[in-house]
Each structure stands twice: as structure tokens, then as C-alpha cells.
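Colleague: My file is data-v6.tsv. It has TSV, C-alpha atoms and all ligand atoms:
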```
chain	number	residue	atom	x	y	z
N	300	MET	CA	-3.79	-17.90	-15.37
N	301	LYS	CA	-3.91	-14.14	-14.87
N	302	LEU	CA	-5.23	-12.84	-11.56
N	303	PHE	CA	-7.11	-9.54	-11.45
N	304	VAL	CA	-8.52	-7.74	-8.41
N	305	ASP	CA	-12.15	-6.68	-8.77
N	306	THR	CA	-12.25	-3.37	-6.92
N	307	GLY	CA	-12.51	0.40	-7.08
N	308	ASP	CA	-10.60	0.78	-3.81
N	309	ILE	CA	-7.16	2.29	-4.46
N	310	GLU	CA	-5.80	1.11	-1.09
N	311	GLU	CA	-6.74	-2.49	-1.88
N	312	VAL	CA	-4.95	-2.21	-5.23
N	313	ARG	CA	-1.89	-0.78	-3.49
N	314	GLN	CA	-1.78	-3.69	-1.02
N	315	ALA	CA	-2.41	-6.37	-3.65
N	316	ALA	CA	0.22	-4.88	-5.98
N	317	GLN	CA	2.89	-5.47	-3.31
N	318	TRP	CA	2.42	-9.23	-3.63
N	319	GLY	CA	3.78	-9.06	-7.17
N	320	ILE	CA	1.25	-11.58	-8.51
N	321	VAL	CA	-1.55	-9.29	-9.67
N	322	ASP	CA	-1.95	-8.90	-13.45
N	323	GLY	CA	-4.65	-6.25	-13.46
N	324	VAL	CA	-7.75	-4.71	-11.95
N	325	THR	CA	-11.39	-4.80	-13.03
N	326	THR	CA	-13.79	-2.05	-12.05
N	327	ASN	CA	-17.46	-1.57	-12.78
N	328	PRO	CA	-19.87	1.34	-12.20
N	329	THR	CA	-20.96	-0.12	-8.84
N	330	LEU	CA	-17.39	-0.51	-7.58
N	331	ILE	CA	-16.47	3.02	-8.76
N	332	SER	CA	-19.55	4.46	-7.05
N	333	LYS	CA	-18.39	2.82	-3.78
N	334	SER	CA	-14.87	4.31	-4.09
N	335	GLY	CA	-16.06	7.73	-2.93
N	336	LYS	CA	-13.86	9.34	-5.61
N	337	GLY	CA	-14.31	10.42	-9.22
N	338	PHE	CA	-14.18	7.93	-12.10
N	339	LYS	CA	-11.08	9.29	-13.85
N	340	GLU	CA	-9.28	9.96	-10.55
N	341	THR	CA	-9.87	6.38	-9.36
N	342	VAL	CA	-9.01	4.65	-12.64
N	343	THR	CA	-5.84	6.66	-13.32
N	344	ALA	CA	-4.62	6.12	-9.74
N	345	ILE	CA	-5.09	2.35	-10.17
N	346	CYS	CA	-3.31	2.47	-13.56
N	347	ASP	CA	-0.35	4.24	-11.98
N	348	ILE	CA	-0.08	1.69	-9.14
N	349	LEU	CA	-0.03	-1.20	-11.65
N	350	PRO	CA	1.52	0.34	-14.80
N	351	HIS	CA	2.09	-3.08	-16.38
N	352	GLY	CA	-1.36	-4.41	-15.45
N	353	ASP	CA	-4.55	-4.36	-17.49
N	354	ILE	CA	-7.06	-2.00	-15.87
N	355	SER	CA	-10.68	-2.32	-16.97
N	356	ALA	CA	-12.92	0.76	-16.88
N	357	GLU	CA	-16.50	0.60	-18.09
N	358	VAL	CA	-18.55	2.81	-20.38
N	359	VAL	CA	-21.99	3.73	-19.03
N	360	ALA	CA	-23.79	4.97	-22.16
N	361	THR	CA	-26.06	2.47	-23.88
N	362	ASN	CA	-26.23	3.87	-27.42
N	363	TYR	CA	-23.40	3.36	-29.90
N	364	ASP	CA	-22.40	7.00	-30.51
N	365	ASP	CA	-22.16	7.89	-26.82
N	366	MET	CA	-20.50	4.58	-25.97
N	367	LEU	CA	-17.85	5.31	-28.60
N	368	LYS	CA	-17.24	8.83	-27.23
N	369	GLU	CA	-16.87	7.46	-23.70
N	370	ALA	CA	-14.62	4.61	-24.84
N	371	LEU	CA	-12.26	7.00	-26.67
N	372	GLU	CA	-12.17	9.32	-23.65
N	373	ILE	CA	-11.52	6.50	-21.15
N	374	SER	CA	-8.86	4.84	-23.30
N	375	SER	CA	-7.01	8.17	-23.65
N	376	TRP	CA	-6.36	8.35	-19.88
N	377	ARG	CA	-3.65	5.68	-19.72
N	378	GLU	CA	-2.08	3.10	-22.07
N	379	ASN	CA	-2.91	0.18	-19.79
N	380	ILE	CA	-6.67	0.81	-19.79
N	381	VAL	CA	-8.97	-1.85	-21.18
N	382	VAL	CA	-12.41	-0.47	-22.10
N	383	LYS	CA	-15.18	-2.48	-20.49
N	384	VAL	CA	-18.31	-2.79	-22.63
N	385	PRO	CA	-21.64	-4.46	-21.75
N	386	LEU	CA	-22.86	-7.23	-24.01
N	387	ILE	CA	-25.68	-5.40	-25.77
N	388	GLU	CA	-26.05	-4.88	-29.53
N	389	PRO	CA	-24.34	-1.46	-29.68
N	390	GLY	CA	-21.72	-2.88	-27.31
N	391	ILE	CA	-20.72	-5.62	-29.74
N	392	ARG	CA	-20.61	-3.05	-32.57
N	393	LEU	CA	-18.39	-0.88	-30.35
N	394	VAL	CA	-16.03	-3.78	-29.59
N	395	ARG	CA	-15.55	-4.33	-33.33
N	396	THR	CA	-14.80	-0.60	-33.86
N	397	LEU	CA	-12.38	-0.43	-30.93
N	398	SER	CA	-10.66	-3.65	-31.94
N	399	GLU	CA	-10.04	-2.18	-35.43
N	400	LYS	CA	-8.50	0.89	-33.74
N	401	GLY	CA	-6.25	-1.33	-31.58
N	402	ILE	CA	-8.10	-0.42	-28.37
N	403	ARG	CA	-8.43	-3.38	-26.02
N	404	THR	CA	-11.84	-4.34	-24.62
N	405	ASN	CA	-13.41	-6.38	-21.85
N	406	VAL	CA	-16.95	-7.47	-22.70
N	407	THR	CA	-18.95	-7.66	-19.50
N	408	LEU	CA	-22.24	-9.12	-18.26
N	409	VAL	CA	-21.67	-12.31	-20.23
N	410	PHE	CA	-23.61	-15.32	-18.97
N	411	SER	CA	-23.78	-17.74	-21.90
N	412	VAL	CA	-21.63	-19.35	-24.58
N	413	SER	CA	-23.71	-17.72	-27.31
N	414	GLN	CA	-22.95	-14.29	-25.86
N	415	ALA	CA	-19.26	-15.20	-25.54
N	416	LEU	CA	-19.25	-16.24	-29.22
N	417	LEU	CA	-20.48	-12.78	-30.27
N	418	ALA	CA	-17.84	-11.07	-28.13
N	419	ALA	CA	-15.07	-13.31	-29.50
N	420	LYS	CA	-16.15	-12.67	-33.10
N	421	ALA	CA	-16.17	-8.90	-32.46
N	422	GLY	CA	-12.54	-9.11	-31.31
N	423	ALA	CA	-12.89	-8.73	-27.55
N	424	THR	CA	-9.64	-8.92	-25.62
N	425	TYR	CA	-11.37	-10.27	-22.51
N	426	ILE	CA	-14.82	-11.83	-22.11
N	427	SER	CA	-16.13	-11.47	-18.55
N	428	ASN	CA	-18.23	-14.51	-17.77
N	429	PHE	CA	-20.11	-13.93	-14.50
N	430	VAL	CA	-20.47	-16.99	-12.27
N	431	GLY	CA	-21.70	-15.89	-8.81
N	432	ARG	CA	-24.82	-14.18	-10.13
N	433	VAL	CA	-25.80	-17.41	-11.91
N	434	ASP	CA	-25.15	-19.52	-8.80
N	435	ASP	CA	-27.38	-17.02	-6.95
N	436	ILE	CA	-30.33	-18.12	-9.07
N	437	SER	CA	-29.65	-21.84	-8.47
N	438	ASP	CA	-27.76	-22.60	-11.67
N	439	ASP	CA	-24.08	-23.46	-12.17
N	440	GLY	CA	-22.31	-20.37	-13.47
N	441	MET	CA	-19.14	-22.32	-14.21
N	442	ASN	CA	-20.81	-24.37	-16.99
N	443	ALA	CA	-20.71	-21.45	-19.43
N	444	VAL	CA	-17.06	-20.76	-18.51
N	445	ALA	CA	-15.95	-24.31	-19.37
N	446	ALA	CA	-17.90	-24.29	-22.64
N	447	SER	CA	-16.59	-20.85	-23.64
N	448	VAL	CA	-12.97	-21.85	-22.95
N	449	GLU	CA	-13.51	-24.87	-25.20
N	450	MET	CA	-15.04	-22.65	-27.89
N	451	ILE	CA	-12.03	-20.28	-27.80
N	452	HIS	CA	-9.65	-23.23	-28.26
N	453	ASN	CA	-11.74	-25.03	-30.91
N	454	TYR	CA	-12.06	-21.99	-33.16
N	455	GLY	CA	-8.74	-20.31	-32.39
N	456	PHE	CA	-10.21	-17.00	-31.17
N	457	ASP	CA	-7.76	-14.56	-29.57
N	458	SER	CA	-10.14	-13.55	-26.73
N	459	GLU	CA	-9.43	-14.60	-23.15
N	460	ILE	CA	-12.18	-15.93	-20.89
N	461	LEU	CA	-12.22	-13.94	-17.66
N	462	VAL	CA	-14.14	-15.46	-14.76
N	463	ALA	CA	-15.98	-12.66	-12.94
N	464	SER	CA	-18.53	-12.40	-10.16
N	465	VAL	CA	-16.29	-14.65	-8.07
N	466	ARG	CA	-17.67	-15.13	-4.57
N	467	HIS	CA	-15.30	-17.62	-2.90
N	468	PRO	CA	-11.96	-19.41	-3.41
N	469	LEU	CA	-13.68	-22.52	-4.83
N	470	HIS	CA	-14.76	-20.41	-7.82
N	471	VAL	CA	-11.07	-19.68	-8.46
N	472	VAL	CA	-10.20	-23.39	-8.26
N	473	GLN	CA	-13.05	-24.19	-10.66
N	474	ALA	CA	-11.83	-21.44	-13.01
N	475	VAL	CA	-8.42	-23.15	-13.05
N	476	GLU	CA	-10.03	-26.54	-13.72
N	477	ALA	CA	-12.03	-25.05	-16.60
N	478	GLY	CA	-8.81	-23.65	-18.11
N	479	ALA	CA	-10.02	-20.04	-17.87
N	480	HIS	CA	-7.42	-17.48	-18.91
N	481	VAL	CA	-8.16	-14.97	-16.13
N	482	SER	CA	-9.96	-14.79	-12.82
N	483	THR	CA	-10.95	-11.52	-11.20
N	484	MET	CA	-11.97	-11.46	-7.57
N	485	PRO	CA	-12.59	-9.13	-4.64
N	486	PHE	CA	-9.46	-8.31	-2.61
N	487	LYS	CA	-10.70	-10.32	0.38
N	488	ILE	CA	-11.05	-13.44	-1.76
N	489	MET	CA	-7.51	-13.04	-3.06
N	490	GLN	CA	-6.37	-12.83	0.58
N	491	MET	CA	-8.29	-16.05	1.31
N	492	LEU	CA	-6.30	-17.88	-1.39
N	493	PHE	CA	-3.22	-17.63	0.85
N	494	LYS	CA	-4.92	-19.41	3.72
N	495	HIS	CA	-4.53	-23.03	4.77
N	496	PRO	CA	-4.79	-24.14	8.41
N	497	LEU	CA	-1.92	-26.63	7.96
N	498	THR	CA	0.32	-23.78	6.79
N	499	ASP	CA	-0.38	-21.86	10.01
N	500	ILE	CA	0.07	-24.97	12.20
N	501	GLY	CA	3.23	-25.99	10.32
N	502	LEU	CA	4.80	-22.54	10.55
N	503	LYS	CA	4.06	-22.30	14.28
N	504	ARG	CA	5.70	-25.69	14.88
N	505	PHE	CA	8.81	-24.75	12.85
N	506	LEU	CA	9.22	-21.45	14.73
N	507	ASP	CA	8.55	-22.96	18.17
N	508	ASP	CA	11.22	-25.65	17.57
N	509	TRP	CA	13.68	-23.08	16.20
N	510	ASN	CA	13.19	-20.71	19.14
N	511	ALA	CA	13.32	-23.54	21.71
N	512	ALA	CA	16.72	-24.52	20.32
N	513	GLY	CA	17.93	-20.88	20.65
N	514	LEU	CA	19.00	-20.76	16.98
N	515	LYS	CA	19.66	-17.59	14.94
N	516	VAL	CA	19.83	-16.90	11.17
N	517	MET	CA	22.71	-14.43	11.62
N	601	LIG	O1	-16.87	-6.76	-12.17
N	601	LIG	C1	-17.82	-7.69	-12.48
N	601	LIG	C2	-18.12	-8.73	-11.43
N	601	LIG	O2	-16.97	-9.33	-10.95
N	601	LIG	C3	-19.15	-8.34	-10.40
N	601	LIG	O3	-19.29	-9.30	-9.39
N	601	LIG	O4	-20.11	-9.95	-7.16
N	601	LIG	O5	-21.16	-7.98	-8.34
N	601	LIG	O6	-21.59	-10.31	-9.11
N	601	LIG	P1	-20.61	-9.38	-8.46
```
I need this file expressed as C-alpha cells, please.

Modeller:
Amino acid sequence: MKLFVDTGDIEEVRQAAQWGIVDGVTTNPTLISKSGKGFKETVTAICDILPHGDISAEVVATNYDDMLKEALEISSWRENIVVKVPLIEPGIRLVRTLSEKGIRTNVTLVFSVSQALLAAKAGATYISNFVGRVDDISDDGMNAVAASVEMIHNYGFDSEILVASVRHPLHVVQAVEAGAHVSTMPFKIMQMLFKHPLTDIGLKRFLDDWNAAGLKVM
């Protein structure tokens, strides 16, 4: 499963990139607005930190012609950019156009299998299925993920299901169980994946014993 960081914070990307396990970054207009920097400046800096990663950057227009102009502009910034497109009617039309031009897309704000089907048929590279925002309204956001993964396999679509709106490590575990292709998460949640109290206790015991015996590596 690919792991993406969901952030517009260049420093977080820099830190996460050092781990060598991050496959990309997802941004959205809210995250970019929190970065305190310009859109192009932020996205290109992230692309340069992770040159082999997939970096999603979202269009903000909502009519086809302007969405297309923005998509062509954004995709010209770096080769590793994936154009993020909301799941609205002109968005699906745009995904089809971009897919025919060989420009990769990430269809966002997807909450249902029927929406995922439209994105897959249009040729989306990634389909961002939001889970946390569904859990927030007392439903189980992971249901649509599991069903969409099954749909992709049953019909042989090329799209990858990307679990987004991840709020805690259990969402990542559930994404694995559902067979999702990608999970994107805030930097602090990726840090939490490292944590296990028995790891900390075990390491302390190993080091205490080692030091008590006065041993050295070299
Ligand atoms: O980037 C899309 C998504 O991950 C947003 O998450 O926490 O705002 O629902 P959230």
C-alpha cells in the first residue's frame, strides 16, 4: 500500500521524506491556505523534496473551461504532479480529457461507490474516498472504501482507491484490511504509526542491560 502525507507544510514533507517510506503528498485548498505560502511555491517545493513521489494539487474552478486551464497550468509545474479534481459533473468530464492527454488525476470528495464508479470510468489515477468526514456524521466511512476496492478488482479498472480524511491510526489499519491501494494521512498520524508502548519498554530494557554489562559496539 502506498503511503501519502496529507499536508501543505513543506517542513513536514521534508521530515517525512527522510523516513524513505513516503510515496507522495496530497494537498487541498484548505491545507495550502494554512501553509502561509503561495500555491505554486508550496507545490513545487514539495515536488522537489519528493521527486519520485506523486504530489496532488487541486484545481479550484468549478466550470469545465476554467478547470481545464487550471489543470494544464498546475500539471506544467512539475512532472510528478497529479491534478486533483472534485467529483462534480465538469470534474468527471475534465478527468476524461486529462486522462486522454496522459495527465494523471486524483478525484477528490468521493464518498460513495457510485461516485467512485464514475471516477474510475473517466480514467482517474487515484480516487480519494473520504472516511473521517463520514464517521463525523455517525456513519462508517470505511464501507464505501471496501466496496470501491472490490469494484476496481471486479471490473479491472486501473484507478487506485486512496483513503483520505484519515483521523487516526485505526483508519490506516482498516484501509489495509479493505485492500485500499493508498492511504493519505496528516503527518502526526504517520508519526503515530511508529508508536507501540512495548517497543519503548523493550528498547529501554535492551539498552539498560547492554549498558549495565559495559558492552560496546566498537
Ligand atoms: O485531502 C483530503 C482529506 O484528506 C481531508 O481530510 O481531515 O479535512 O477531512 P479532512

Colleague: Could I get the residue neighbourhood of ligand LIG 601 (chain N) at 8 Å, counting all atoms listed in the file, as a ChimeraX atom specification?

Modeller: /N:305-306,325-327,329-330,407-408,427,429-432,462-466,483-485

Colleague: What does the distance between CA of Val481 in chain N and CA of Asp353 in chain N come to in Å, to one decimal place?

Modeller: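 Distance between the two atoms: 11.3 Å.
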
Colleague: Using Å and a single decimal, report how far CA of Phe303 in chain N sits from CA of His470 in chain N.

Modeller: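 Separation of CA of His470 in chain N and CA of Phe303 in chain N: 13.8 Å.
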
Colleague: Using CA of Val382 in chain N and CA of Ala360 in chain N as the two end points, give the distance in Å to one decimal.

Modeller: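 So the answer is 12.6 Å.
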
Colleague: Restricting the calculation to only C-alpha atoms, which member of N:Trp509, N:Phe338, N:Phe456, N:Phe410 is positioned closest to Val358 in chain N?

Modeller: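 With only C-alpha atoms as the atom set, the closest residue is N:Phe338.
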
Colleague: Tell me which residues come within 12 Å of (-9.0, -22.8, -11.0), as a PyMOL selection string, counting only C-alpha atoms in the file's coordinates.

Modeller: chain N and resi 300-302+441+444-445+461-462+465+467-483+492

Colleague: Rank nothing, just name the residue among N:Arg392, N:Lys383, N:His495, N:His452 nearest to Thr424 in chain N, using only C-alpha atoms.

Modeller: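 Under the stated criterion, the closest residue is N:Lys383.
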
Colleague: Pick out the closest residue to Leu367 in chain N from this set: N:Val394, N:Ala511, N:Ile354, N:Ile380. Count only C-alpha atoms.

Modeller: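 Counting only C-alpha atoms, the residue closest to Leu367 in chain N is N:Val394.
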
Colleague: So which one's closest to Gln414 in chain N, N:Ile331, N:Val433, N:Ile373, N:Ile387? Using all atoms listed in the file, please.

Modeller: N:Ile387
